[in-house]
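The next block holds one structure in the form of structure tokens; read it before the comments.
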Amino acid sequence: MSDDLSRNTLAEAQAARLRHVWANPRGWRYWSAVNNTEVGIWYIVTAFGFFLFAGVLALIVRAQLAVPQNDLVSPEFYNQAFTLHGTMMMFLFAVPIFEAVAILLLPQMLAARDLPFPRLSAFGFWCFLIGGTFVAGSIFFDAAPASGWFMYPPLATNKDLAGIGADIWLLGLSFIEVASIAAAVELIVGVLKCRPPGMRIHLMPLYCWYVLIVAGMILFAFPPLIAGDILFELQRMFDWPFFDPDRGGDPVLWQHLFWIFGHPEVYIIFLPSIALMAMIVPTFSQVPITGYGWIVLAAVGTGFLSFGLWAHHMYTTGLPALSLGFFSAASEAVAIPTGVQIFVFIATMATGRVIFSVPMLFAAGALAVFVFGGLTGVMVALAPFDWQAHDTHFVVAHLHYTLIGGMLLPLIAGLYYFFPFATKRMLSARLGRWAFWLIFTGFNITFLPMHFTGLRGMPRRVFTYPAGHGWDWLNLISTFGAYIMAIGVLIVVVDVVRALRHGRPAPRNPWNAGTLEWTVETSDENWGVRSVPQISSRYPLWDQPGLVEEMDQGRGYLPDAAAGRRETLITGVLDATPEQVQRLPTNSFRPLAAAVFIGTCFIAATFEWWWLATAGGIIGIGVILGWLWTGTARPPEAAMMDAGRGLTLPLYASGPRSVGWWAMCITMVGDATAFISLVFGYFFYWTIHAEFPPPEATGPGLAWPGIAAATGLAAWATVLAARHANRAGRVAIARLALIAGAGLAIASIAAGAAAILTTGLDPVVHVYDATVWVLVIWTALHLAAGVLMQLYCLARSLAGHMTPLHDIDIRNVALYWHFTAGTLAVTMAVIGLFPLASG
Ligand code: HEM
Ligand SMILES: [Cu+2]
């Protein structure tokens, strides 16, 4: 009896400590929170707000198209409205909502206390809010982008036709894309390193697989677009002729870079929603998913194939016949893995007894709509058909069937399913059914007729049309449907707002689901889990009796916060054996401040206020350094700590065991993709010109590129030497090597500058010169960042935060330098050696 009592008091004391450590800040300081339970919700609400905004724009567009020769809005406004509608739906809703939901759900699904870089999540959110508001707000100043959501040159590069809106699109979205990549890095590391002990990779919830795949896709899809944005902005601001045929450029390069991003983007949007269905369908069928291995394989296959399809958006640009055949076949092939995923759901439902709840209703509707959109997709993937349907409302119908079936409906299913998880309240089943039927019928009434107007030749993106082409009443029906759908969405909004206050309180696991997120206790308990369980099943809540009590009573891992610090468990990538206890940074305004200043840099650049942009950038980088300095990789007070259940784990890890190393590696993969996209540009120009470099061009020669490569590679070697010396305890030598490495890197930057400045290249004259300039500047910026990092390591060493044992800083910097050395070598080979080979 007294034993029980003392165990209870111990458990209470532990819980109190955890509660204190994970408590949210109060008052205005609340906005310094970085915990995933807060940031995830802010993120979701913001993305949903942008969805509603973009939806209102769609209603205006539909109202304008209701009758022929309508003049409800001006043509200029119409262009802004449909462009901003598409842009916001894709960039400010569809992708961010995935990351938002994943940030909220993932830690809970993994019984982790938080993701490994909470401040990064917060930074990503603030960037998203600032950048998104900037882009969305432009329409109130008649300054929104108006050239369509894919911004094709020459329309969008023309300063008279496309005013500042194009810059807002390019810079605002680039800013947000950087945040998206940051979130993707965080999610990948989270899935790989923050799983509970025993949750080997083949026991992960399917949702986690999808997060891994989609975040990986973001890493390869967004950088080409960022590279394209850079070229685009350089042309708009400084007249470098990347897309100008008169000076050797080619608008088609933009189309390639855009669609290398744009097609995977469609799957980046669609797969996370499939992931939600993969959680919902087994729960309401009350059986494990059928064919776990198949669906994982199919998802990987879809992700992979989606990178080989981009040119099906370019059938009308005059691609060679061979390319047409290839991209057409590849586009049809992607239907196979997509179909497998859908069959897995159907098979799961067939083996269980399906409970037709509201989430299930939306999921079933989603499958029906998506399959229909897939069928028209198979049609437009055939080049001859596409030549007819291209740029008509048929395409608008197709893309909305896939997007709304593949993302919006599953997302609302997820909203009804996870609402009790996030808020401890139930949404109303009755309102949910009303909403479903209004949205589902409204949607079909809106978009089914567009297939016919499209086939009858009605172009997309036209502000009005003449009567008597057989388009009139179809358009009227379409508009009517859009408003029905809007009423359905409104009911969802009303239900959410109502339920927050008056919703029926939700029991802990209201749907009797099998996965760990449903162990969540009350919504104001921010610690994630009371203690971390040992997992041996894909559906632990179904298969491991007593698990929840064990977790609640603190009999799992990490039941305490004895050091008064936020901590989470780090495990092995494949087998999830415990490796380390990771200290997590706490609440801070630094991520918000960093986002404000970096945002200032981007926004000021849009208006070409260079002083403000520079100031914002420098202060922003300073804030980020301060955040890294205070928030990461501090040597802990003890080497090991008791992680519960008799397990003792290290508090510090560096190199491939540490989360920081993984994050750096993954970030640099994205960075390398952007660089390869720029190099792709160089060789693209080479393929379209009879001679490239053009015969009259003066290249950078061999000498300066040679010197730049030699000094830069020496800087790399010096950094590696510094890492070794530090490890070996020769701290003074390590510090000297860091200084020497910085000097060598600066020398390399200078030689690169000489290569473009002193050899007669002029980026305004010809695209060859401009391309060489871009490659060299890209490389120089990376070297400069390398210098900054070396000085940072030096300061850390002097301050005692970096020691022979605690060397995560320099190991990450060395990793960065591997990639930078590669970038440098490729740049110098391309600009220095390639002209010799091709000339
Ligand atoms: C809420 C109901 C929606 C309605 C009524 C609607 C309506 C429309 C209409 C009429 C157009 C064609 C404008 C034109 O070509 O002149 C359009 C374009 C587009 N919509 Fe939607 N839409 C809706 C939801 C969505 C969603 C959920 C997404 C994506 C997640 C989306 C993405 C797009 C895109 C990418 C375009 C192409 C824009 C362009 O041509 O630049 N829409 N929408
Ligand atoms: Cu595509």
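Residues in the structure tokens are numbered from 1 in each chain, the chains being A, B, ... in the order shown, and ligands are numbered from 1 in the order shown.
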
Pull the alpha helix (DSSP H) assignments for range 475-535 of chain A out of DSSP run on the backbone, and list those residues as a list in words.
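So the alpha helix (DSSP H) residues in range 475-535 of chain A would be Asn475, Leu476, Ile477, Ser478, Thr479, Phe480, Gly481, Ala482, Tyr483, Ile484, Met485, Ala486, Ile487, Gly488, Val489, Leu490, Ile491, Val492, Val493, Val494, Asp495, Val496, Val497, Arg498, Ala499, Leu500, Arg501 and His502 of chain A.
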
Contacts with ligand 2 at most 12 Å, only C-alpha atoms and all ligand atoms counted, listed as a CSV table (one decimal) with all heavy atoms, in the first residue's frame:
chain,number,residue,atom,x,y,z
A,256,HIS,N,10.5,24.0,-68.7
A,256,HIS,CA,11.1,22.8,-68.2
A,256,HIS,C,11.2,22.9,-66.6
A,256,HIS,O,10.8,22.0,-65.9
A,256,HIS,CB,12.4,22.6,-68.8
A,256,HIS,CG,12.3,21.9,-70.2
A,256,HIS,ND1,11.8,20.7,-70.4
A,256,HIS,CD2,12.7,22.4,-71.4
A,256,HIS,CE1,11.9,20.4,-71.6
A,256,HIS,NE2,12.4,21.4,-72.3
A,258,PHE,N,9.9,24.9,-64.5
A,258,PHE,CA,8.6,25.0,-63.8
A,258,PHE,C,8.0,23.6,-63.7
A,258,PHE,O,7.5,23.2,-62.6
A,258,PHE,CB,7.7,26.0,-64.5
A,258,PHE,CG,6.4,26.1,-63.6
A,258,PHE,CD1,6.4,27.1,-62.6
A,258,PHE,CD2,5.3,25.3,-63.8
A,258,PHE,CE1,5.3,27.2,-61.8
A,258,PHE,CE2,4.2,25.4,-63.0
A,258,PHE,CZ,4.2,26.4,-62.0
A,259,TRP,N,7.9,22.9,-64.8
A,259,TRP,CA,7.2,21.6,-64.7
A,259,TRP,C,8.0,20.5,-64.1
A,259,TRP,O,7.4,19.5,-63.6
A,259,TRP,CB,6.6,21.2,-66.1
A,259,TRP,CG,5.5,22.2,-66.4
A,259,TRP,CD1,5.5,23.1,-67.5
A,259,TRP,CD2,4.2,22.3,-65.8
A,259,TRP,NE1,4.3,23.8,-67.5
A,259,TRP,CE2,3.5,23.3,-66.5
A,259,TRP,CE3,3.6,21.7,-64.7
A,259,TRP,CZ2,2.2,23.7,-66.1
A,259,TRP,CZ3,2.3,22.1,-64.3
A,259,TRP,CH2,1.7,23.1,-65.0
A,260,ILE,N,9.3,20.6,-64.1
A,260,ILE,CA,10.1,19.6,-63.3
A,260,ILE,C,9.6,19.7,-61.8
A,260,ILE,O,9.6,18.7,-61.1
A,260,ILE,CB,11.6,19.8,-63.4
A,260,ILE,CG1,12.0,19.4,-64.9
A,260,ILE,CG2,12.4,18.9,-62.4
A,260,ILE,CD1,13.5,19.7,-65.2
A,261,PHE,N,9.3,20.9,-61.4
A,261,PHE,CA,8.7,21.1,-60.1
A,261,PHE,C,7.2,20.8,-60.2
A,261,PHE,O,6.7,20.1,-59.4
A,261,PHE,CB,8.9,22.6,-59.7
A,261,PHE,CG,7.7,23.1,-58.9
A,261,PHE,CD1,7.6,22.8,-57.6
A,261,PHE,CD2,6.7,23.9,-59.5
A,261,PHE,CE1,6.5,23.3,-56.8
A,261,PHE,CE2,5.6,24.3,-58.8
A,261,PHE,CZ,5.5,24.0,-57.4
A,262,GLY,N,6.5,21.3,-61.2
A,262,GLY,CA,5.1,21.4,-61.2
A,262,GLY,C,4.4,20.0,-61.3
A,262,GLY,O,3.4,19.8,-60.6
A,263,HIS,N,4.9,19.1,-62.0
A,263,HIS,CA,4.3,17.8,-62.0
A,263,HIS,C,4.4,17.1,-60.7
A,263,HIS,O,3.4,16.6,-60.1
A,263,HIS,CB,4.6,16.9,-63.2
A,263,HIS,CG,3.6,15.8,-63.1
A,263,HIS,ND1,2.3,15.8,-63.6
A,263,HIS,CD2,3.7,14.6,-62.5
A,263,HIS,CE1,1.7,14.7,-63.3
A,263,HIS,NE2,2.5,14.0,-62.6
A,264,PRO,N,5.7,16.9,-60.2
A,264,PRO,CA,5.8,16.3,-58.9
A,264,PRO,C,4.9,17.0,-57.8
A,264,PRO,O,4.3,16.4,-56.9
A,264,PRO,CB,7.3,16.4,-58.5
A,264,PRO,CG,7.9,16.4,-59.9
A,264,PRO,CD,7.0,17.2,-60.8
A,265,GLU,N,4.8,18.3,-58.0
A,265,GLU,CA,3.9,19.1,-57.1
A,265,GLU,C,2.5,18.5,-57.0
A,265,GLU,O,2.0,18.4,-55.9
A,265,GLU,CB,3.9,20.5,-57.6
A,265,GLU,CG,2.6,21.3,-57.1
A,265,GLU,CD,2.9,22.2,-55.9
A,265,GLU,OE1,3.9,22.0,-55.2
A,265,GLU,OE2,2.1,23.1,-55.7
A,266,VAL,N,2.0,18.0,-58.1
A,266,VAL,CA,0.7,17.5,-58.1
A,266,VAL,C,0.6,16.2,-57.1
A,266,VAL,O,-0.3,16.0,-56.4
A,266,VAL,CB,0.2,17.1,-59.5
A,266,VAL,CG1,-1.1,16.4,-59.5
A,266,VAL,CG2,0.2,18.3,-60.4
A,267,TYR,N,1.7,15.5,-57.2
A,267,TYR,CA,1.8,14.3,-56.3
A,267,TYR,C,2.2,14.7,-54.9
A,267,TYR,O,1.8,14.0,-53.9
A,267,TYR,CB,2.7,13.2,-56.9
A,267,TYR,CG,2.0,12.6,-58.1
A,267,TYR,CD1,2.1,13.1,-59.4
A,267,TYR,CD2,1.2,11.5,-57.9
A,267,TYR,CE1,1.4,12.6,-60.4
A,267,TYR,CE2,0.6,10.9,-59.0
A,267,TYR,CZ,0.7,11.5,-60.2
A,267,TYR,OH,0.0,10.9,-61.3
A,268,ILE,N,2.9,15.7,-54.7
A,268,ILE,CA,3.2,16.2,-53.4
A,268,ILE,C,1.9,16.7,-52.7
A,268,ILE,O,1.8,16.5,-51.5
A,268,ILE,CB,4.2,17.4,-53.5
A,268,ILE,CG1,5.6,16.9,-53.9
A,268,ILE,CG2,4.3,18.2,-52.2
A,268,ILE,CD1,6.6,18.0,-54.3
A,305,LEU,N,8.2,8.0,-60.2
A,305,LEU,CA,7.7,8.2,-61.6
A,305,LEU,C,7.3,9.7,-61.8
A,305,LEU,O,7.5,10.2,-62.9
A,305,LEU,CB,6.5,7.3,-61.9
A,305,LEU,CG,6.8,5.9,-62.3
A,305,LEU,CD1,5.5,5.1,-62.5
A,305,LEU,CD2,7.7,5.8,-63.5
A,306,SER,N,6.8,10.3,-60.8
A,306,SER,CA,6.2,11.6,-61.0
A,306,SER,C,7.3,12.6,-61.5
A,306,SER,O,7.0,13.7,-62.0
A,306,SER,CB,5.6,12.2,-59.8
A,306,SER,OG,6.5,12.4,-58.8
A,307,PHE,N,8.6,12.3,-61.3
A,307,PHE,CA,9.6,13.1,-61.8
A,307,PHE,C,9.9,12.9,-63.3
A,307,PHE,O,10.7,13.7,-63.9
A,307,PHE,CB,10.9,13.0,-61.0
A,307,PHE,CG,10.9,13.7,-59.7
A,307,PHE,CD1,10.3,13.0,-58.6
A,307,PHE,CD2,11.3,15.0,-59.6
A,307,PHE,CE1,10.3,13.7,-57.4
A,307,PHE,CE2,11.2,15.7,-58.4
A,307,PHE,CZ,10.7,15.0,-57.3
A,308,GLY,N,9.3,11.9,-63.9
A,308,GLY,CA,9.6,11.6,-65.3
A,308,GLY,C,8.5,12.0,-66.2
A,308,GLY,O,8.4,11.6,-67.4
A,309,LEU,N,7.6,12.9,-65.7
A,309,LEU,CA,6.3,13.2,-66.5
A,309,LEU,C,6.2,14.6,-67.0
A,309,LEU,O,5.3,15.0,-67.6
A,309,LEU,CB,5.1,12.9,-65.7
A,309,LEU,CG,5.1,11.6,-64.9
A,309,LEU,CD1,3.7,11.5,-64.2
A,309,LEU,CD2,5.2,10.4,-65.9
A,310,TRP,N,7.2,15.5,-66.5
A,310,TRP,CA,6.9,16.9,-66.6
A,310,TRP,C,6.5,17.4,-68.0
A,310,TRP,O,5.7,18.3,-68.1
A,310,TRP,CB,8.1,17.7,-66.0
A,310,TRP,CG,9.2,17.9,-66.9
A,310,TRP,CD1,9.4,18.9,-67.8
A,310,TRP,CD2,10.4,17.1,-67.0
A,310,TRP,NE1,10.6,18.8,-68.4
A,310,TRP,CE2,11.2,17.7,-68.0
A,310,TRP,CE3,10.9,15.9,-66.3
A,310,TRP,CZ2,12.5,17.2,-68.3
A,310,TRP,CZ3,12.1,15.4,-66.7
A,310,TRP,CH2,12.9,16.0,-67.7
A,311,ALA,N,7.1,16.8,-69.0
A,311,ALA,CA,6.9,17.4,-70.3
A,311,ALA,C,5.5,17.1,-70.9
A,311,ALA,O,5.2,17.7,-71.9
A,311,ALA,CB,8.0,16.9,-71.3
A,312,HIS,N,4.7,16.3,-70.1
A,312,HIS,CA,3.3,16.2,-70.7
A,312,HIS,C,2.5,17.6,-70.5
A,312,HIS,O,1.4,17.7,-71.0
A,312,HIS,CB,2.5,15.0,-70.1
A,312,HIS,CG,2.2,15.1,-68.6
A,312,HIS,ND1,2.0,14.0,-67.8
A,312,HIS,CD2,2.1,16.2,-67.8
A,312,HIS,CE1,1.8,14.4,-66.6
A,312,HIS,NE2,1.8,15.7,-66.5
A,313,HIS,N,3.1,18.5,-69.8
A,313,HIS,CA,2.5,19.8,-69.8
A,313,HIS,C,3.0,20.7,-71.0
A,313,HIS,O,2.6,21.8,-71.1
A,313,HIS,CB,2.8,20.6,-68.5
A,313,HIS,CG,2.3,19.9,-67.3
A,313,HIS,ND1,1.0,20.1,-66.8
A,313,HIS,CD2,2.8,18.9,-66.5
A,313,HIS,CE1,0.8,19.3,-65.8
A,313,HIS,NE2,1.9,18.5,-65.6
A,314,MET,N,3.9,20.1,-71.8
A,314,MET,CA,4.5,20.9,-72.8
A,314,MET,C,4.3,20.3,-74.2
A,314,MET,O,5.1,20.5,-75.1
A,314,MET,CB,6.0,21.0,-72.5
A,314,MET,CG,6.3,21.7,-71.2
A,314,MET,SD,7.9,21.5,-70.6
A,314,MET,CE,8.9,22.2,-71.9
A,315,TYR,N,3.3,19.4,-74.4
A,315,TYR,CA,3.1,18.8,-75.7
A,315,TYR,C,3.0,19.8,-76.8
A,315,TYR,O,3.3,19.5,-78.0
A,315,TYR,CB,1.8,17.9,-75.6
A,315,TYR,CG,1.9,16.7,-74.8
A,315,TYR,CD1,0.8,16.1,-74.2
A,315,TYR,CD2,3.1,16.0,-74.7
A,315,TYR,CE1,0.9,14.9,-73.5
A,315,TYR,CE2,3.2,14.8,-74.0
A,315,TYR,CZ,2.1,14.3,-73.4
A,315,TYR,OH,2.2,13.1,-72.7
A,327,PHE,N,7.2,10.7,-72.9
A,327,PHE,CA,6.5,11.3,-71.8
A,327,PHE,C,5.0,10.9,-71.7
A,327,PHE,O,4.4,10.8,-70.7
A,327,PHE,CB,6.6,12.8,-71.9
A,327,PHE,CG,7.9,13.3,-71.4
A,327,PHE,CD1,8.9,13.8,-72.2
A,327,PHE,CD2,8.2,13.3,-70.0
A,327,PHE,CE1,10.1,14.2,-71.7
A,327,PHE,CE2,9.4,13.8,-69.5
A,327,PHE,CZ,10.4,14.2,-70.4
A,328,SER,N,4.5,10.5,-72.9
A,328,SER,CA,3.1,10.0,-73.0
A,328,SER,C,3.1,8.6,-72.3
A,328,SER,O,2.2,8.4,-71.4
A,328,SER,CB,2.7,9.9,-74.4
A,328,SER,OG,1.4,10.1,-74.6
A,330,ALA,N,5.2,7.4,-70.1
A,330,ALA,CA,5.5,7.5,-68.7
A,330,ALA,C,4.2,8.0,-67.9
A,330,ALA,O,3.9,7.6,-66.8
A,330,ALA,CB,6.7,8.4,-68.5
A,331,SER,N,3.5,8.9,-68.6
A,331,SER,CA,2.3,9.5,-67.9
A,331,SER,C,1.3,8.4,-67.7
A,331,SER,O,0.5,8.4,-66.7
A,331,SER,CB,1.8,10.7,-68.7
A,331,SER,OG,2.8,11.6,-69.0
A,332,GLU,N,1.1,7.6,-68.7
A,332,GLU,CA,0.1,6.5,-68.6
A,332,GLU,C,0.6,5.5,-67.5
A,332,GLU,O,-0.2,5.0,-66.7
A,332,GLU,CB,-0.1,5.7,-69.9
A,332,GLU,CG,-0.5,6.6,-71.1
A,332,GLU,CD,-1.8,7.3,-70.9
A,332,GLU,OE1,-2.5,7.1,-69.8
A,332,GLU,OE2,-2.3,8.0,-71.8
A,334,VAL,N,2.1,6.0,-64.7
A,334,VAL,CA,1.9,6.4,-63.3
A,334,VAL,C,0.5,6.0,-62.8
A,334,VAL,O,0.3,5.9,-61.6
A,334,VAL,CB,2.2,7.9,-63.1
A,334,VAL,CG1,1.0,8.7,-63.5
A,334,VAL,CG2,2.6,8.2,-61.7
A,335,ALA,N,-0.3,5.7,-63.7
A,335,ALA,CA,-1.7,5.3,-63.3
A,335,ALA,C,-1.6,4.0,-62.6
A,335,ALA,O,-2.5,3.7,-61.7
A,335,ALA,CB,-2.6,5.1,-64.6
A,374,GLY,N,-8.7,11.0,-62.7
A,374,GLY,CA,-7.6,10.1,-63.2
A,374,GLY,C,-7.9,9.7,-64.7
A,374,GLY,O,-7.1,9.6,-65.5
A,377,GLY,N,-7.3,12.3,-66.9
A,377,GLY,CA,-5.8,12.4,-67.0
A,377,GLY,C,-5.2,11.5,-68.0
A,377,GLY,O,-4.3,11.9,-68.8
A,378,VAL,N,-5.7,10.3,-68.0
A,378,VAL,CA,-5.3,9.3,-69.0
A,378,VAL,C,-5.6,9.8,-70.4
A,378,VAL,O,-4.8,9.6,-71.4
A,378,VAL,CB,-5.9,7.9,-68.7
A,378,VAL,CG1,-5.6,7.0,-69.8
A,378,VAL,CG2,-5.4,7.4,-67.4
A,380,VAL,N,-5.8,13.2,-71.4
A,380,VAL,CA,-4.9,14.3,-71.8
A,380,VAL,C,-3.4,13.9,-71.8
A,380,VAL,O,-2.6,14.7,-72.3
A,380,VAL,CB,-5.0,15.6,-70.9
A,380,VAL,CG1,-6.3,16.3,-71.2
A,380,VAL,CG2,-4.9,15.2,-69.4
A,381,ALA,N,-3.1,12.8,-71.2
A,381,ALA,CA,-1.7,12.3,-71.3
A,381,ALA,C,-1.3,11.9,-72.7
A,381,ALA,O,-0.2,11.7,-73.1
A,381,ALA,CB,-1.5,11.2,-70.3
A,395,VAL,N,-9.2,21.1,-69.4
A,395,VAL,CA,-8.1,20.9,-68.5
A,395,VAL,C,-8.5,21.4,-67.1
A,395,VAL,O,-8.1,20.8,-66.1
A,395,VAL,CB,-6.9,21.6,-69.1
A,395,VAL,CG1,-5.7,21.6,-68.0
A,395,VAL,CG2,-6.4,20.9,-70.3
A,398,HIS,N,-10.4,18.7,-65.5
A,398,HIS,CA,-9.5,17.6,-65.1
A,398,HIS,C,-8.8,17.9,-63.9
A,398,HIS,O,-8.7,17.2,-62.9
A,398,HIS,CB,-8.6,17.3,-66.3
A,398,HIS,CG,-7.3,16.6,-65.8
A,398,HIS,ND1,-7.3,15.3,-65.3
A,398,HIS,CD2,-6.0,17.1,-65.7
A,398,HIS,CE1,-6.1,15.0,-64.9
A,398,HIS,NE2,-5.3,16.1,-65.2
A,399,LEU,N,-8.1,19.1,-63.9
A,399,LEU,CA,-7.3,19.4,-62.7
A,399,LEU,C,-8.0,19.6,-61.4
A,399,LEU,O,-7.6,19.2,-60.4
A,399,LEU,CB,-6.3,20.6,-63.0
A,399,LEU,CG,-6.8,22.0,-63.0
A,399,LEU,CD1,-6.6,22.6,-61.6
A,399,LEU,CD2,-6.0,22.8,-64.0
A,402,THR,N,-8.9,16.0,-60.1
A,402,THR,CA,-7.8,15.4,-59.3
A,402,THR,C,-7.5,16.1,-58.1
A,402,THR,O,-7.3,15.5,-57.0
A,402,THR,CB,-6.6,15.3,-60.2
A,402,THR,OG1,-6.3,16.6,-60.7
A,402,THR,CG2,-6.7,14.4,-61.4
A,403,LEU,N,-7.5,17.5,-58.1
A,403,LEU,CA,-7.1,18.2,-56.9
A,403,LEU,C,-8.2,18.1,-55.8
A,403,LEU,O,-7.8,17.9,-54.6
A,403,LEU,CB,-6.8,19.6,-57.2
A,403,LEU,CG,-5.5,19.9,-58.0
A,403,LEU,CD1,-5.4,21.3,-58.5
A,403,LEU,CD2,-4.3,19.6,-57.1

Residue neighbourhood range 125-127 of chain A, 8 Å, only C-alpha atoms, exclusion window fewer than 2 positions, as a VMD selection string
chain A and resid 39 42 to 43 121 to 123 129 to 131 175 to 176 179 591 to 592 595 to 596 599

Name all residues at most 7 Å from His801 in chain A (count only C-alpha atoms; drop same-chain ones fewer than 3 positions away) and give them as a PyMOL selection string.
chain A and resi 634-635+796-797

Please, could you write that set of residues out with all heavy atoms as a short mmCIF file (atom, residue, chain, number, x, y, z; two decimals), in the first residue's frame?
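Printed below is again.cif as written:
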data_model
loop_
_atom_site.label_atom_id
_atom_site.label_comp_id
_atom_site.auth_asym_id
_atom_site.auth_seq_id
_atom_site.Cartn_x
_atom_site.Cartn_y
_atom_site.Cartn_z
N ARG A 634 24.68 22.49 -27.45
CA ARG A 634 25.46 22.84 -26.26
C ARG A 634 25.97 21.56 -25.60
O ARG A 634 25.20 20.60 -25.47
CB ARG A 634 24.59 23.60 -25.27
CG ARG A 634 24.34 25.03 -25.63
CD ARG A 634 25.61 25.83 -25.55
NE ARG A 634 25.42 27.20 -26.04
CZ ARG A 634 25.10 28.23 -25.27
NH1 ARG A 634 24.90 28.05 -23.98
NH2 ARG A 634 25.00 29.43 -25.77
N PRO A 635 27.21 21.53 -25.15
CA PRO A 635 27.66 20.35 -24.40
C PRO A 635 26.77 20.20 -23.16
O PRO A 635 26.57 21.17 -22.42
CB PRO A 635 29.10 20.69 -24.02
CG PRO A 635 29.53 21.71 -25.00
CD PRO A 635 28.29 22.48 -25.37
N ARG A 796 32.66 29.23 -31.53
CA ARG A 796 32.17 28.18 -30.64
C ARG A 796 33.31 27.54 -29.87
O ARG A 796 33.19 27.25 -28.68
CB ARG A 796 31.45 27.08 -31.44
CG ARG A 796 30.20 27.55 -32.13
CD ARG A 796 29.05 27.70 -31.19
NE ARG A 796 28.37 26.45 -30.96
CZ ARG A 796 27.21 26.35 -30.30
NH1 ARG A 796 26.62 27.43 -29.85
NH2 ARG A 796 26.66 25.18 -30.11
N SER A 797 34.40 27.34 -30.59
CA SER A 797 35.56 26.73 -29.94
C SER A 797 36.10 27.65 -28.85
O SER A 797 36.37 27.23 -27.72
CB SER A 797 36.62 26.43 -31.00
OG SER A 797 37.79 25.97 -30.38
#

Go through chain A and flag each residue having an atom no more than 6 Å from ligand 1; for those, report the closest pair of atoms plus their distance in Å to one decimal, using only C-alpha atoms and all ligand atoms, ordered by chain and rising number, as a Markdown table.
| residue | atom | partner | partner_atom_place_in_ligand_line | distance |
| --- | --- | --- | --- | --- |
| A:Gly55 | CA | ligand 1 | 1 (C) | 4.8 |
| A:Ala58 | CA | ligand 1 | 7 (C) | 4.7 |
| A:Leu59 | CA | ligand 1 | 5 (C) | 5.8 |
| A:Val61 | CA | ligand 1 | 10 (C) | 5.8 |
| A:Arg62 | CA | ligand 1 | 10 (C) | 5.4 |
| A:Phe82 | CA | ligand 1 | 13 (C) | 5.1 |
| A:Thr83 | CA | ligand 1 | 41 (O) | 4.6 |
| A:Gly86 | CA | ligand 1 | 34 (C) | 3.6 |
| A:Met89 | CA | ligand 1 | 29 (C) | 4.5 |
| A:Met90 | CA | ligand 1 | 30 (C) | 5.3 |
| A:Ala94 | CA | ligand 1 | 30 (C) | 5.4 |
| A:Gly148 | CA | ligand 1 | 41 (O) | 3.4 |
| A:Trp149 | CA | ligand 1 | 41 (O) | 3.8 |
| A:Val396 | CA | ligand 1 | 12 (C) | 5.8 |
| A:His400 | CA | ligand 1 | 42 (N) | 5.9 |
| A:Leu403 | CA | ligand 1 | 30 (C) | 5.3 |
| A:Ile404 | CA | ligand 1 | 27 (C) | 5.3 |
| A:Leu408 | CA | ligand 1 | 27 (C) | 5.9 |
| A:Arg460 | CA | ligand 1 | 15 (O) | 3.7 |
| A:Arg461 | CA | ligand 1 | 16 (O) | 3.2 |
| A:Val462 | CA | ligand 1 | 16 (O) | 5.2 |
| A:Ala482 | CA | ligand 1 | 5 (C) | 4.7 |

Write out as a tab-separated table the residues of range 546-663 of chain A that have any atom within 12 Å of an atom of range 787-795 of chain A, one row each with the nearest atom pair and its distance in Å to one decimal, counting only C-alpha atoms, sorted by chain and then rising number.
residue	atom	partner	partner_atom	distance
A:Ile621	CA	A:Leu788	CA	10.3
A:Gly622	CA	A:Leu788	CA	10.8
A:Ile624	CA	A:Tyr792	CA	11.8
A:Leu625	CA	A:Tyr792	CA	8.3
A:Gly626	CA	A:Tyr792	CA	10.5
A:Leu628	CA	A:Tyr792	CA	9.9
A:Trp629	CA	A:Tyr792	CA	8.8
A:Ala633	CA	A:Cys793	CA	11.7

Show which residues sit within 8 Å of Arg565 in chain A, as a PyMOL selection string. Count only C-alpha atoms, and ignore same-chain residues fewer than 4 positions away.
chain A and resi 21+561+583-584

Atoms to include: C-alpha atoms. Write the selected residues as a PDB file, in the first residue's frame.
ATOM      1  CA  VAL A  21       8.966  22.111 -18.870  1.00  0.00           C
ATOM      2  CA  ALA A 561      12.209  15.927 -16.974  1.00  0.00           C
ATOM      3  CA  ARG A 583      17.751  18.178 -25.806  1.00  0.00           C
ATOM      4  CA  LEU A 584      15.237  20.386 -27.603  1.00  0.00           C
TER       5      LEU A 584
END

Hey, what's within 12 Å of Phe220 in chain A if we count only C-alpha atoms and toss same-chain stuff fewer than 4 positions away? As a VMD selection string, please?
chain A and resid 181 184 to 185 213 to 216 224 to 227 257 260 to 265 268 303 to 304 306 to 307 666 to 677

Ser478 in chain A surroundings by only C-alpha atoms, 8 Å radius, close-in-sequence under 6 positions cut, as a list in words:
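Contacts, in chain order: Arg62, Ala66, Ile445, Thr446, Phe447, Leu448, Pro449 and Met450 of chain A.
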
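Of the listed residues A:Gln553, A:Gln69, A:Ser273, A:Thr302, the one whose atoms come nearest to Thr9 in chain A is A:Gln553, with distances taken using only C-alpha atoms.
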